[in-house]
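**Q** Below is the file structure36.pdb, which contains PDB, C-alpha atoms, pLDDT in the B column.
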ATOM      1  CA  MET A  23      13.176  10.255 -22.842  1.00 57.00           C
ATOM      2  CA  PHE A  24       9.836   9.422 -21.239  1.00 68.00           C
ATOM      3  CA  GLY A  25       9.364   6.507 -23.634  1.00 86.00           C
ATOM      4  CA  PHE A  26      12.777   5.094 -22.733  1.00 90.00           C
ATOM      5  CA  LYS A  27      12.054   5.409 -18.994  1.00 93.00           C
ATOM      6  CA  LYS A  28       8.762   3.571 -19.409  1.00 93.00           C
ATOM      7  CA  TRP A  29      10.438   0.861 -21.501  1.00 94.00           C
ATOM      8  CA  ARG A  30      13.228   0.434 -18.933  1.00 96.00           C
ATOM      9  CA  ARG A  31      10.759   0.205 -16.037  1.00 96.00           C
ATOM     10  CA  ASN A  32       8.610  -2.335 -17.842  1.00 95.00           C
ATOM     11  CA  ARG A  33      11.737  -4.376 -18.474  1.00 96.00           C
ATOM     12  CA  LEU A  34      12.777  -4.200 -14.805  1.00 97.00           C
ATOM     13  CA  ALA A  35       9.283  -5.086 -13.581  1.00 97.00           C
ATOM     14  CA  SER A  36       9.036  -8.108 -15.877  1.00 97.00           C
ATOM     15  CA  GLN A  37      12.095  -9.799 -14.388  1.00 97.00           C
ATOM     16  CA  PRO A  38      11.516 -12.880 -12.199  1.00 97.00           C
ATOM     17  CA  PHE A  39      11.440 -12.015  -8.507  1.00 98.00           C
ATOM     18  CA  PRO A  40      14.148 -14.123  -6.811  1.00 97.00           C
ATOM     19  CA  TYR A  41      12.878 -16.574  -4.213  1.00 97.00           C
ATOM     20  CA  GLU A  42      15.693 -15.526  -1.868  1.00 98.00           C
ATOM     21  CA  TRP A  43      14.496 -11.921  -2.034  1.00 98.00           C
ATOM     22  CA  LEU A  44      10.938 -12.922  -1.202  1.00 98.00           C
ATOM     23  CA  ALA A  45      12.145 -14.914   1.803  1.00 98.00           C
ATOM     24  CA  ILE A  46      13.935 -11.827   3.154  1.00 98.00           C
ATOM     25  CA  ILE A  47      10.833  -9.640   2.740  1.00 98.00           C
ATOM     26  CA  GLU A  48       8.551 -12.186   4.389  1.00 98.00           C
ATOM     27  CA  ARG A  49      10.949 -12.435   7.323  1.00 98.00           C
ATOM     28  CA  ASN A  50      11.840  -8.756   7.785  1.00 98.00           C
ATOM     29  CA  VAL A  51       8.693  -6.945   6.659  1.00 98.00           C
ATOM     30  CA  PRO A  52       5.722  -8.608   8.401  1.00 97.00           C
ATOM     31  CA  PHE A  53       3.391  -5.957   6.940  1.00 97.00           C
ATOM     32  CA  TYR A  54       3.863  -7.741   3.607  1.00 98.00           C
ATOM     33  CA  ARG A  55       2.198 -10.911   4.910  1.00 96.00           C
ATOM     34  CA  HIS A  56      -1.087  -9.051   5.483  1.00 96.00           C
ATOM     35  CA  LEU A  57      -1.378  -7.731   1.918  1.00 98.00           C
ATOM     36  CA  PRO A  58      -3.802  -9.267  -0.592  1.00 97.00           C
ATOM     37  CA  ILE A  59      -2.183 -11.408  -3.282  1.00 98.00           C
ATOM     38  CA  GLU A  60      -2.636  -8.773  -5.993  1.00 98.00           C
ATOM     39  CA  ASP A  61      -0.951  -6.147  -3.791  1.00 98.00           C
ATOM     40  CA  LYS A  62       1.968  -8.481  -3.155  1.00 98.00           C
ATOM     41  CA  GLU A  63       2.448  -8.901  -6.894  1.00 98.00           C
ATOM     42  CA  GLU A  64       2.259  -5.157  -7.495  1.00 98.00           C
ATOM     43  CA  LEU A  65       4.697  -4.542  -4.658  1.00 98.00           C
ATOM     44  CA  LYS A  66       7.244  -6.947  -6.109  1.00 98.00           C
ATOM     45  CA  ARG A  67       7.135  -5.085  -9.438  1.00 98.00           C
ATOM     46  CA  HIS A  68       7.666  -1.781  -7.642  1.00 98.00           C
ATOM     47  CA  ILE A  69      10.620  -3.228  -5.706  1.00 98.00           C
ATOM     48  CA  LEU A  70      12.322  -4.417  -8.899  1.00 98.00           C
ATOM     49  CA  ILE A  71      12.053  -0.923 -10.388  1.00 98.00           C
ATOM     50  CA  PHE A  72      13.064   0.829  -7.162  1.00 98.00           C
ATOM     51  CA  ILE A  73      16.191  -1.299  -6.708  1.00 98.00           C
ATOM     52  CA  GLY A  74      17.045  -0.895 -10.383  1.00 97.00           C
ATOM     53  CA  GLU A  75      16.918   2.909 -10.161  1.00 97.00           C
ATOM     54  CA  LYS A  76      18.184   3.819  -6.680  1.00 98.00           C
ATOM     55  CA  ARG A  77      21.686   3.522  -5.282  1.00 98.00           C
ATOM     56  CA  PHE A  78      22.286   2.106  -1.784  1.00 98.00           C
ATOM     57  CA  GLU A  79      25.432   3.195   0.045  1.00 98.00           C
ATOM     58  CA  GLY A  80      26.772   1.909   3.356  1.00 98.00           C
ATOM     59  CA  CYS A  81      28.094   4.489   5.846  1.00 97.00           C
ATOM     60  CA  GLY A  82      30.059   4.107   9.049  1.00 95.00           C
ATOM     61  CA  GLY A  83      31.603   0.843   7.881  1.00 96.00           C
ATOM     62  CA  LEU A  84      28.305  -0.835   6.995  1.00 98.00           C
ATOM     63  CA  GLN A  85      28.371  -3.212   4.027  1.00 98.00           C
ATOM     64  CA  ILE A  86      25.179  -3.143   1.968  1.00 98.00           C
ATOM     65  CA  THR A  87      23.517  -6.569   1.640  1.00 98.00           C
ATOM     66  CA  ASP A  88      20.390  -7.885  -0.055  1.00 98.00           C
ATOM     67  CA  GLU A  89      18.735  -7.957   3.364  1.00 98.00           C
ATOM     68  CA  ILE A  90      19.310  -4.233   3.890  1.00 98.00           C
ATOM     69  CA  THR A  91      18.311  -3.279   0.354  1.00 98.00           C
ATOM     70  CA  LEU A  92      15.121  -5.340   0.295  1.00 98.00           C
ATOM     71  CA  THR A  93      13.952  -4.464   3.801  1.00 98.00           C
ATOM     72  CA  ILE A  94      14.139  -0.767   2.949  1.00 98.00           C
ATOM     73  CA  ALA A  95      12.876  -1.029  -0.637  1.00 98.00           C
ATOM     74  CA  ALA A  96       9.828  -3.107   0.301  1.00 98.00           C
ATOM     75  CA  GLN A  97       8.664  -0.586   2.886  1.00 98.00           C
ATOM     76  CA  ALA A  98       9.357   2.407   0.651  1.00 98.00           C
ATOM     77  CA  CYS A  99       7.299   0.785  -2.111  1.00 98.00           C
ATOM     78  CA  ILE A 100       4.354  -0.031   0.167  1.00 98.00           C
ATOM     79  CA  LEU A 101       3.626   3.706   0.061  1.00 97.00           C
ATOM     80  CA  LEU A 102       3.365   3.518  -3.748  1.00 97.00           C
ATOM     81  CA  LEU A 103       0.717   0.798  -4.029  1.00 98.00           C
ATOM     82  CA  HIS A 104      -2.346   1.651  -6.165  1.00 96.00           C
ATOM     83  CA  ARG A 105      -1.006   5.080  -7.068  1.00 90.00           C
ATOM     84  CA  GLU A 106       0.467   6.705 -10.139  1.00 87.00           C
ATOM     85  CA  THR A 107       4.088   7.287  -9.270  1.00 92.00           C
ATOM     86  CA  ASP A 108       7.419   8.367 -10.638  1.00 93.00           C
ATOM     87  CA  TYR A 109       9.257   6.390  -7.939  1.00 96.00           C
ATOM     88  CA  TYR A 110      10.442   9.254  -5.731  1.00 95.00           C
ATOM     89  CA  PRO A 111      11.856  11.319  -8.604  1.00 92.00           C
ATOM     90  CA  GLY A 112      14.030  13.567  -6.422  1.00 90.00           C
ATOM     91  CA  LEU A 113      15.717  10.580  -4.781  1.00 95.00           C
ATOM     92  CA  SER A 114      18.904   9.056  -6.148  1.00 96.00           C
ATOM     93  CA  SER A 115      20.525   7.326  -3.163  1.00 97.00           C
ATOM     94  CA  ILE A 116      19.750   5.737   0.203  1.00 98.00           C
ATOM     95  CA  LEU A 117      22.550   6.122   2.752  1.00 97.00           C
ATOM     96  CA  VAL A 118      22.505   3.512   5.515  1.00 98.00           C
ATOM     97  CA  TYR A 119      24.355   3.652   8.830  1.00 97.00           C
ATOM     98  CA  PRO A 120      24.651   0.603  11.089  1.00 97.00           C
ATOM     99  CA  GLN A 121      23.060   2.441  14.030  1.00 96.00           C
ATOM    100  CA  ALA A 122      21.653   5.836  14.984  1.00 93.00           C
ATOM    101  CA  TYR A 123      24.149   8.429  13.805  1.00 91.00           C
ATOM    102  CA  VAL A 124      25.250  11.914  14.812  1.00 85.00           C
ATOM    103  CA  ALA A 125      24.524  14.831  12.485  1.00 79.00           C
ATOM    104  CA  ARG A 126      25.256  18.524  12.753  1.00 73.00           C
ATOM    105  CA  LYS A 127      22.217  20.619  13.630  1.00 69.00           C
ATOM    106  CA  THR A 128      21.724  24.317  12.989  1.00 64.00           C
ATOM    107  CA  GLU A 129      18.765  26.025  14.648  1.00 63.00           C
ATOM    108  CA  TYR A 130      17.697  29.599  13.934  1.00 60.00           C
ATOM    109  CA  LEU A 131      16.377  31.102  17.157  1.00 55.00           C
ATOM    110  CA  GLY A 132      15.384  34.505  15.775  1.00 62.00           C
ATOM    111  CA  GLY A 133      16.940  37.906  16.185  1.00 65.00           C
ATOM    112  CA  GLY A 134      19.972  36.780  14.225  1.00 60.00           C
ATOM    113  CA  VAL A 135      20.829  34.094  16.805  1.00 57.00           C
ATOM    114  CA  VAL A 136      21.957  30.726  15.435  1.00 54.00           C
ATOM    115  CA  ALA A 137      22.533  27.673  17.653  1.00 59.00           C
ATOM    116  CA  GLU A 138      24.720  24.848  16.375  1.00 67.00           C
ATOM    117  CA  GLY A 139      25.166  21.423  17.891  1.00 62.00           C
ATOM    118  CA  GLU A 140      24.903  17.696  17.325  1.00 67.00           C
ATOM    119  CA  ASP A 141      21.781  15.599  16.958  1.00 78.00           C
ATOM    120  CA  VAL A 142      21.426  11.798  17.190  1.00 84.00           C
ATOM    121  CA  ARG A 143      19.161  10.602  14.375  1.00 87.00           C
ATOM    122  CA  MET A 144      17.468   7.416  13.195  1.00 92.00           C
ATOM    123  CA  GLY A 145      16.888   8.848   9.735  1.00 94.00           C
ATOM    124  CA  GLU A 146      16.398  11.947   7.661  1.00 94.00           C
ATOM    125  CA  SER A 147      15.101  12.875   4.234  1.00 94.00           C
ATOM    126  CA  TRP A 148      16.814  15.450   2.046  1.00 89.00           C
ATOM    127  CA  HIS A 149      14.690  17.431  -0.376  1.00 79.00           C
ATOM    128  CA  HIS A 150      17.083  16.565  -3.189  1.00 81.00           C
ATOM    129  CA  GLY A 151      19.184  13.438  -3.538  1.00 90.00           C
ATOM    130  CA  SER A 152      19.135  11.175  -0.507  1.00 96.00           C
ATOM    131  CA  VAL A 153      17.361   9.465   2.350  1.00 97.00           C
ATOM    132  CA  VAL A 154      19.557   8.580   5.333  1.00 97.00           C
ATOM    133  CA  LEU A 155      18.617   5.660   7.606  1.00 97.00           C
ATOM    134  CA  SER A 156      19.883   3.736  10.614  1.00 97.00           C
ATOM    135  CA  TRP A 157      19.791   0.010   9.812  1.00 98.00           C
ATOM    136  CA  ASP A 158      19.172  -0.963  13.463  1.00 97.00           C
ATOM    137  CA  ASP A 159      16.135   1.316  13.560  1.00 97.00           C
ATOM    138  CA  VAL A 160      14.889   0.184  10.150  1.00 98.00           C
ATOM    139  CA  ARG A 161      14.974  -3.442  11.257  1.00 97.00           C
ATOM    140  CA  ARG A 162      13.457  -2.778  14.681  1.00 97.00           C
ATOM    141  CA  SER A 163      10.624  -0.543  13.469  1.00 97.00           C
ATOM    142  CA  ALA A 164       9.726  -2.915  10.623  1.00 98.00           C
ATOM    143  CA  ALA A 165       9.469  -5.895  13.001  1.00 97.00           C
ATOM    144  CA  ASP A 166       6.619  -4.415  15.070  1.00 96.00           C
ATOM    145  CA  ILE A 167       3.773  -3.434  12.758  1.00 95.00           C
ATOM    146  CA  ASN A 168       1.482  -2.300  15.581  1.00 95.00           C
ATOM    147  CA  ASP A 169       3.548   0.247  17.510  1.00 96.00           C
ATOM    148  CA  GLY A 170       2.848   3.196  15.208  1.00 96.00           C
ATOM    149  CA  HIS A 171       6.524   3.853  14.488  1.00 97.00           C
ATOM    150  CA  ASN A 172       8.306   3.058  11.250  1.00 98.00           C
ATOM    151  CA  VAL A 173      11.378   5.017  10.205  1.00 98.00           C
ATOM    152  CA  VAL A 174      11.148   4.029   6.521  1.00 98.00           C
ATOM    153  CA  PHE A 175       7.483   5.030   6.236  1.00 98.00           C
ATOM    154  CA  HIS A 176       8.347   8.305   7.971  1.00 97.00           C
ATOM    155  CA  GLU A 177      11.288   9.327   5.801  1.00 97.00           C
ATOM    156  CA  PHE A 178       9.716   8.223   2.535  1.00 96.00           C
ATOM    157  CA  ALA A 179       6.529  10.107   3.379  1.00 95.00           C
ATOM    158  CA  HIS A 180       8.774  13.186   3.389  1.00 93.00           C
ATOM    159  CA  GLN A 181       9.998  12.166  -0.067  1.00 93.00           C
ATOM    160  CA  LEU A 182       6.434  11.938  -1.349  1.00 90.00           C
ATOM    161  CA  ASP A 183       5.800  15.377   0.079  1.00 82.00           C
ATOM    162  CA  SER A 184       8.821  17.095  -1.436  1.00 65.00           C
ATOM    163  CA  SER A 185      10.847  14.874  -3.770  1.00 46.00           C
ATOM    164  CA  GLY A 186      12.611  17.033  -6.305  1.00 40.00           C
ATOM    165  CA  GLY A 187      10.042  19.755  -5.830  1.00 41.00           C
ATOM    166  CA  LYS A 188       7.501  17.491  -7.529  1.00 44.00           C
ATOM    167  CA  ARG A 189       4.639  16.223  -5.410  1.00 46.00           C
ATOM    168  CA  ASP A 190       3.702  12.597  -6.041  1.00 44.00           C
ATOM    169  CA  SER A 191       0.298  13.453  -4.591  1.00 45.00           C
ATOM    170  CA  THR A 192      -0.611  15.389  -7.746  1.00 44.00           C
ATOM    171  CA  PRO A 193      -2.459  12.509  -9.493  1.00 41.00           C
ATOM    172  CA  VAL A 194      -4.596  11.999  -6.371  1.00 49.00           C
ATOM    173  CA  LEU A 195      -5.091  15.630  -5.352  1.00 52.00           C
ATOM    174  CA  ARG A 196      -6.183  16.532  -8.852  1.00 53.00           C
ATOM    175  CA  ASP A 197      -8.502  19.456  -8.178  1.00 61.00           C
ATOM    176  CA  ARG A 198      -8.623  22.518  -5.980  1.00 65.00           C
ATOM    177  CA  SER A 199     -11.523  21.374  -3.791  1.00 68.00           C
ATOM    178  CA  THR A 200      -9.745  18.094  -2.994  1.00 71.00           C
ATOM    179  CA  TYR A 201      -6.582  19.938  -2.065  1.00 75.00           C
ATOM    180  CA  ILE A 202      -8.456  22.412   0.151  1.00 80.00           C
ATOM    181  CA  ALA A 203     -10.128  19.562   2.080  1.00 82.00           C
ATOM    182  CA  TRP A 204      -6.774  17.777   2.449  1.00 84.00           C
ATOM    183  CA  ALA A 205      -5.016  20.916   3.751  1.00 85.00           C
ATOM    184  CA  ARG A 206      -7.871  21.835   6.098  1.00 91.00           C
ATOM    185  CA  ILE A 207      -8.054  18.441   7.800  1.00 93.00           C
ATOM    186  CA  LEU A 208      -4.302  17.989   8.170  1.00 92.00           C
ATOM    187  CA  GLN A 209      -3.945  21.514   9.550  1.00 93.00           C
ATOM    188  CA  LYS A 210      -6.819  20.976  11.992  1.00 96.00           C
ATOM    189  CA  ASP A 211      -5.377  17.734  13.363  1.00 97.00           C
ATOM    190  CA  TYR A 212      -1.887  19.231  13.499  1.00 96.00           C
ATOM    191  CA  GLU A 213      -3.150  22.127  15.618  1.00 97.00           C
ATOM    192  CA  ASN A 214      -5.164  19.749  17.813  1.00 97.00           C
ATOM    193  CA  LEU A 215      -2.027  17.696  18.446  1.00 98.00           C
ATOM    194  CA  ARG A 216      -0.121  20.797  19.498  1.00 97.00           C
ATOM    195  CA  ARG A 217      -2.934  21.806  21.855  1.00 97.00           C
ATOM    196  CA  ASP A 218      -3.194  18.343  23.373  1.00 97.00           C
ATOM    197  CA  LEU A 219       0.535  18.225  24.033  1.00 97.00           C
ATOM    198  CA  SER A 220       0.555  21.693  25.586  1.00 97.00           C
ATOM    199  CA  SER A 221      -2.222  20.501  27.931  1.00 97.00           C
ATOM    200  CA  ASN A 222      -0.359  17.258  28.736  1.00 97.00           C
ATOM    201  CA  ARG A 223      -3.123  15.124  27.246  1.00 97.00           C
ATOM    202  CA  ASP A 224      -2.315  11.663  25.895  1.00 97.00           C
ATOM    203  CA  THR A 225      -2.220  11.456  22.101  1.00 98.00           C
ATOM    204  CA  LEU A 226      -2.283   8.645  19.573  1.00 98.00           C
ATOM    205  CA  LEU A 227       0.014  10.519  17.204  1.00 98.00           C
ATOM    206  CA  ASP A 228       3.630  10.855  18.245  1.00 97.00           C
ATOM    207  CA  LYS A 229       4.583  14.213  19.720  1.00 97.00           C
ATOM    208  CA  TYR A 230       7.236  14.679  17.029  1.00 96.00           C
ATOM    209  CA  GLY A 231       4.356  15.364  14.650  1.00 97.00           C
ATOM    210  CA  ALA A 232       3.820  18.685  16.444  1.00 97.00           C
ATOM    211  CA  THR A 233       7.202  19.947  15.194  1.00 93.00           C
ATOM    212  CA  ASN A 234       5.768  21.308  11.937  1.00 92.00           C
ATOM    213  CA  PRO A 235       3.157  20.292   9.307  1.00 91.00           C
ATOM    214  CA  ALA A 236       5.685  18.253   7.295  1.00 91.00           C
ATOM    215  CA  GLU A 237       6.563  16.155  10.344  1.00 94.00           C
ATOM    216  CA  PHE A 238       2.865  15.818  11.150  1.00 95.00           C
ATOM    217  CA  PHE A 239       2.242  14.284   7.719  1.00 94.00           C
ATOM    218  CA  ALA A 240       5.134  11.829   8.169  1.00 95.00           C
ATOM    219  CA  VAL A 241       4.013  10.834  11.692  1.00 97.00           C
ATOM    220  CA  ALA A 242       0.398  10.460  10.516  1.00 97.00           C
ATOM    221  CA  THR A 243       1.617   8.190   7.708  1.00 97.00           C
ATOM    222  CA  GLU A 244       3.359   5.916  10.215  1.00 98.00           C
ATOM    223  CA  CYS A 245       0.183   5.687  12.280  1.00 98.00           C
ATOM    224  CA  PHE A 246      -2.011   5.156   9.209  1.00 98.00           C
ATOM    225  CA  PHE A 247      -0.130   2.014   8.230  1.00 98.00           C
ATOM    226  CA  GLU A 248       0.767   0.702  11.686  1.00 98.00           C
ATOM    227  CA  ARG A 249      -2.241   1.625  13.862  1.00 98.00           C
ATOM    228  CA  PRO A 250      -4.948   2.143  11.260  1.00 98.00           C
ATOM    229  CA  LYS A 251      -7.944   1.098  13.355  1.00 98.00           C
ATOM    230  CA  ASP A 252      -6.957   3.411  16.196  1.00 98.00           C
ATOM    231  CA  LEU A 253      -6.413   6.284  13.758  1.00 98.00           C
ATOM    232  CA  GLN A 254      -9.751   5.597  12.091  1.00 98.00           C
ATOM    233  CA  THR A 255     -11.502   5.648  15.478  1.00 98.00           C
ATOM    234  CA  LEU A 256      -9.819   8.721  16.949  1.00 98.00           C
ATOM    235  CA  HIS A 257      -9.114  10.760  13.805  1.00 98.00           C
ATOM    236  CA  ARG A 258     -11.721   9.638  11.280  1.00 97.00           C
ATOM    237  CA  GLU A 259     -11.392  12.591   8.885  1.00 97.00           C
ATOM    238  CA  LEU A 260      -7.605  12.340   8.887  1.00 96.00           C
ATOM    239  CA  TYR A 261      -7.824   8.607   8.237  1.00 98.00           C
ATOM    240  CA  GLU A 262     -10.163   9.162   5.291  1.00 96.00           C
ATOM    241  CA  GLU A 263      -7.854  11.773   3.749  1.00 94.00           C
ATOM    242  CA  LEU A 264      -4.840   9.488   4.088  1.00 95.00           C
ATOM    243  CA  LYS A 265      -6.848   6.594   2.644  1.00 95.00           C
ATOM    244  CA  PHE A 266      -7.638   8.771  -0.364  1.00 91.00           C
ATOM    245  CA  PHE A 267      -4.055   9.980  -0.663  1.00 91.00           C
ATOM    246  CA  TYR A 268      -2.472   6.513  -0.439  1.00 94.00           C
ATOM    247  CA  GLN A 269      -5.340   4.692  -2.193  1.00 94.00           C
ATOM    248  CA  GLN A 270      -5.161   2.065   0.549  1.00 97.00           C
ATOM    249  CA  ASP A 271      -7.345   1.043   3.496  1.00 98.00           C
ATOM    250  CA  PRO A 272      -5.049  -0.700   6.008  1.00 98.00           C
ATOM    251  CA  ALA A 273      -7.787  -0.853   8.666  1.00 97.00           C
ATOM    252  CA  ARG A 274      -9.369  -3.584   6.540  1.00 95.00           C
ATOM    253  CA  LEU A 275      -6.270  -5.779   6.254  1.00 91.00           C
TER     254      LEU A 275
END
Would you give me this structure, written as structure tokens?
**A**
Amino acid sequence: MFGFKKWRRNRLASQPFPYEWLAIIERNVPFYRHLPIEDKEELKRHILIFIGEKRFEGCGGLQITDEITLTIAAQACILLLHRETDYYPGLSSILVYPQAYVARKTEYLGGGVVAEGEDVRMGESWHHGSVVLSWDDVRRSAADINDGHNVVFHEFAHQLDSSGGKRDSTPVLRDRSTYIAWARILQKDYENLRRDLSSNRDTLLDKYGATNPAEFFAVATECFFERPKDLQTLHRELYEELKFFYQQDPARL
């Protein structure tokens, strides 16, 4: 089975990359333009495999186009550069709404009290099966590569953290001491963010990262790729851990 998967992926990656696809990526994903040539070539191979293995579904009347597929796939695959990967193994489909969508929310308040309501979302990542995205927000957040916000980076960071119960970080975090350092630094910066927000201090990292450690990792990933120099200056240890995790150094691009 593994041999067939490898053969199929090699076959997908060896296909010519359509010029029309490249034009869409260059237009919609400005981050791509800053990559070295060898990274661009690696990224194109990843995109061919990703599109060959994942299913895109339009929701709310949205028709899936090459523009939608490639804009999302290119950003999802940026997170995979230079790393051993199984291409988000817990993910089978990407559901795309035309705009921010309404989802049911259940919140457990303690003492047996459960609050239910509706929540407007730009995206979400399910532990098994799907990532859900708003196309308007995908397009808008991809266009500005310096604002620190990117919905695709955010939701696919969650997939790296929990896809199918298998952590794609395993090949990088290969020993106990590395994992302990990783956990210590992320926990420290997470707690610092919560303290800063409670004291009404300005923060580089978005306040949503204070929700829980998983959201902190996703928010830190957005900042790492979109405001790398600021993150390196203000959160040097966190930047170094993310550089090691992603095997990339965006502050140098």
**Q** As an exercise, work out the distance from CA of His257 in chain A to CA of Gln209 in chain A in Å and give it to one decimal place.
**A**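 Interatomic distance, CA of His257 in chain A to CA of Gln209 in chain A: 12.7 Å.
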**Q** Taking the file above as input, evaluate the PyMOL selection byres ((chain A and resi 161) around 9) and report the hits as JSON, numbers by chain.
**A** {"A": [50, 51, 90, 93, 94, 156, 157, 158, 159, 160, 162, 163, 164, 165]}
**Q** Using all atoms listed in the file, which residue out of A:Ala122, A:Ala45, A:Val174, A:Leu155 lies closest to Ala95 in chain A?
**A**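 Smallest separation from Ala95 in chain A among the options: A:Val174.
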**Q** Which value, in Å to one decimal, gives the distance between CA of Val124 in chain A and CA of Leu92 in chain A?
**A**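 For CA of Val124 in chain A relative to CA of Leu92 in chain A, the distance reads 24.7 Å.
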**Q** What does the structure give for the distance between CA of Arg49 in chain A and CA of Glu75 in chain A, in Å to one decimal?
**A**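 Going from CA of Arg49 in chain A over to CA of Glu75 in chain A covers 24.0 Å.
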**Q** Just the residues within 9 Å of Phe53 in chain A, please, counting all atoms listed in the file, with nothing from its chain fewer than 3 positions along; format it as a PyMOL selection string.
**A** chain A and resi 48+50+56-57+97+164-167+247-248
**Q** Would you put the residues from that selection into a file with C-alpha atoms, as a PDB file, in the coordinates of the input?
**A**
ATOM      1  CA  GLU A  48       8.551 -12.186   4.389  1.00 98.00           C
ATOM      2  CA  ASN A  50      11.840  -8.756   7.785  1.00 98.00           C
ATOM      3  CA  HIS A  56      -1.087  -9.051   5.483  1.00 96.00           C
ATOM      4  CA  LEU A  57      -1.378  -7.731   1.918  1.00 98.00           C
ATOM      5  CA  GLN A  97       8.664  -0.586   2.886  1.00 98.00           C
ATOM      6  CA  ALA A 164       9.726  -2.915  10.623  1.00 98.00           C
ATOM      7  CA  ALA A 165       9.469  -5.895  13.001  1.00 97.00           C
ATOM      8  CA  ASP A 166       6.619  -4.415  15.070  1.00 96.00           C
ATOM      9  CA  ILE A 167       3.773  -3.434  12.758  1.00 95.00           C
ATOM     10  CA  PHE A 247      -0.130   2.014   8.230  1.00 98.00           C
ATOM     11  CA  GLU A 248       0.767   0.702  11.686  1.00 98.00           C
TER      12      GLU A 248
END
**Q** Extract, using only C-alpha atoms, all DNA, RNA and protein residues at most 9 Å from Gly231 in chain A, discarding same-chain residues fewer than 3 positions from it, and format them as a short mmCIF file (atom, residue, chain, number, x, y, z; two decimals) with C-alpha atoms, in the coordinates of the input.
**A**
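Once written, out_27.cif looks like this:
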data_model
loop_
_atom_site.label_atom_id
_atom_site.label_comp_id
_atom_site.auth_asym_id
_atom_site.auth_seq_id
_atom_site.Cartn_x
_atom_site.Cartn_y
_atom_site.Cartn_z
CA TYR A 212 -1.89 19.23 13.50
CA LEU A 215 -2.03 17.70 18.45
CA ARG A 216 -0.12 20.80 19.50
CA LEU A 227 0.01 10.52 17.20
CA ASP A 228 3.63 10.86 18.24
CA ASN A 234 5.77 21.31 11.94
CA PRO A 235 3.16 20.29 9.31
CA ALA A 236 5.68 18.25 7.30
CA GLU A 237 6.56 16.16 10.34
CA PHE A 238 2.86 15.82 11.15
CA PHE A 239 2.24 14.28 7.72
CA ALA A 240 5.13 11.83 8.17
CA VAL A 241 4.01 10.83 11.69
CA ALA A 242 0.40 10.46 10.52
#
**Q** Using all atoms listed in the file, which residue out of A:Ile86, A:Val173, A:Leu182, A:Leu226 lies closest to Thr107 in chain A?
**A** A:Leu182
**Q** So which residues touch Gln254 in chain A within 12 Å, counting only C-alpha atoms, skipping near sequence neighbours fewer than 5 positions away, as a list in words?
**A**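 Non-adjacent residues within range: Leu226, Ala242, Cys245, Phe246, Phe247, Glu248, Arg249, Glu259, Leu260, Tyr261, Glu262, Glu263, Leu264, Lys265, Asp271, Pro272, Ala273 and Arg274 of chain A.
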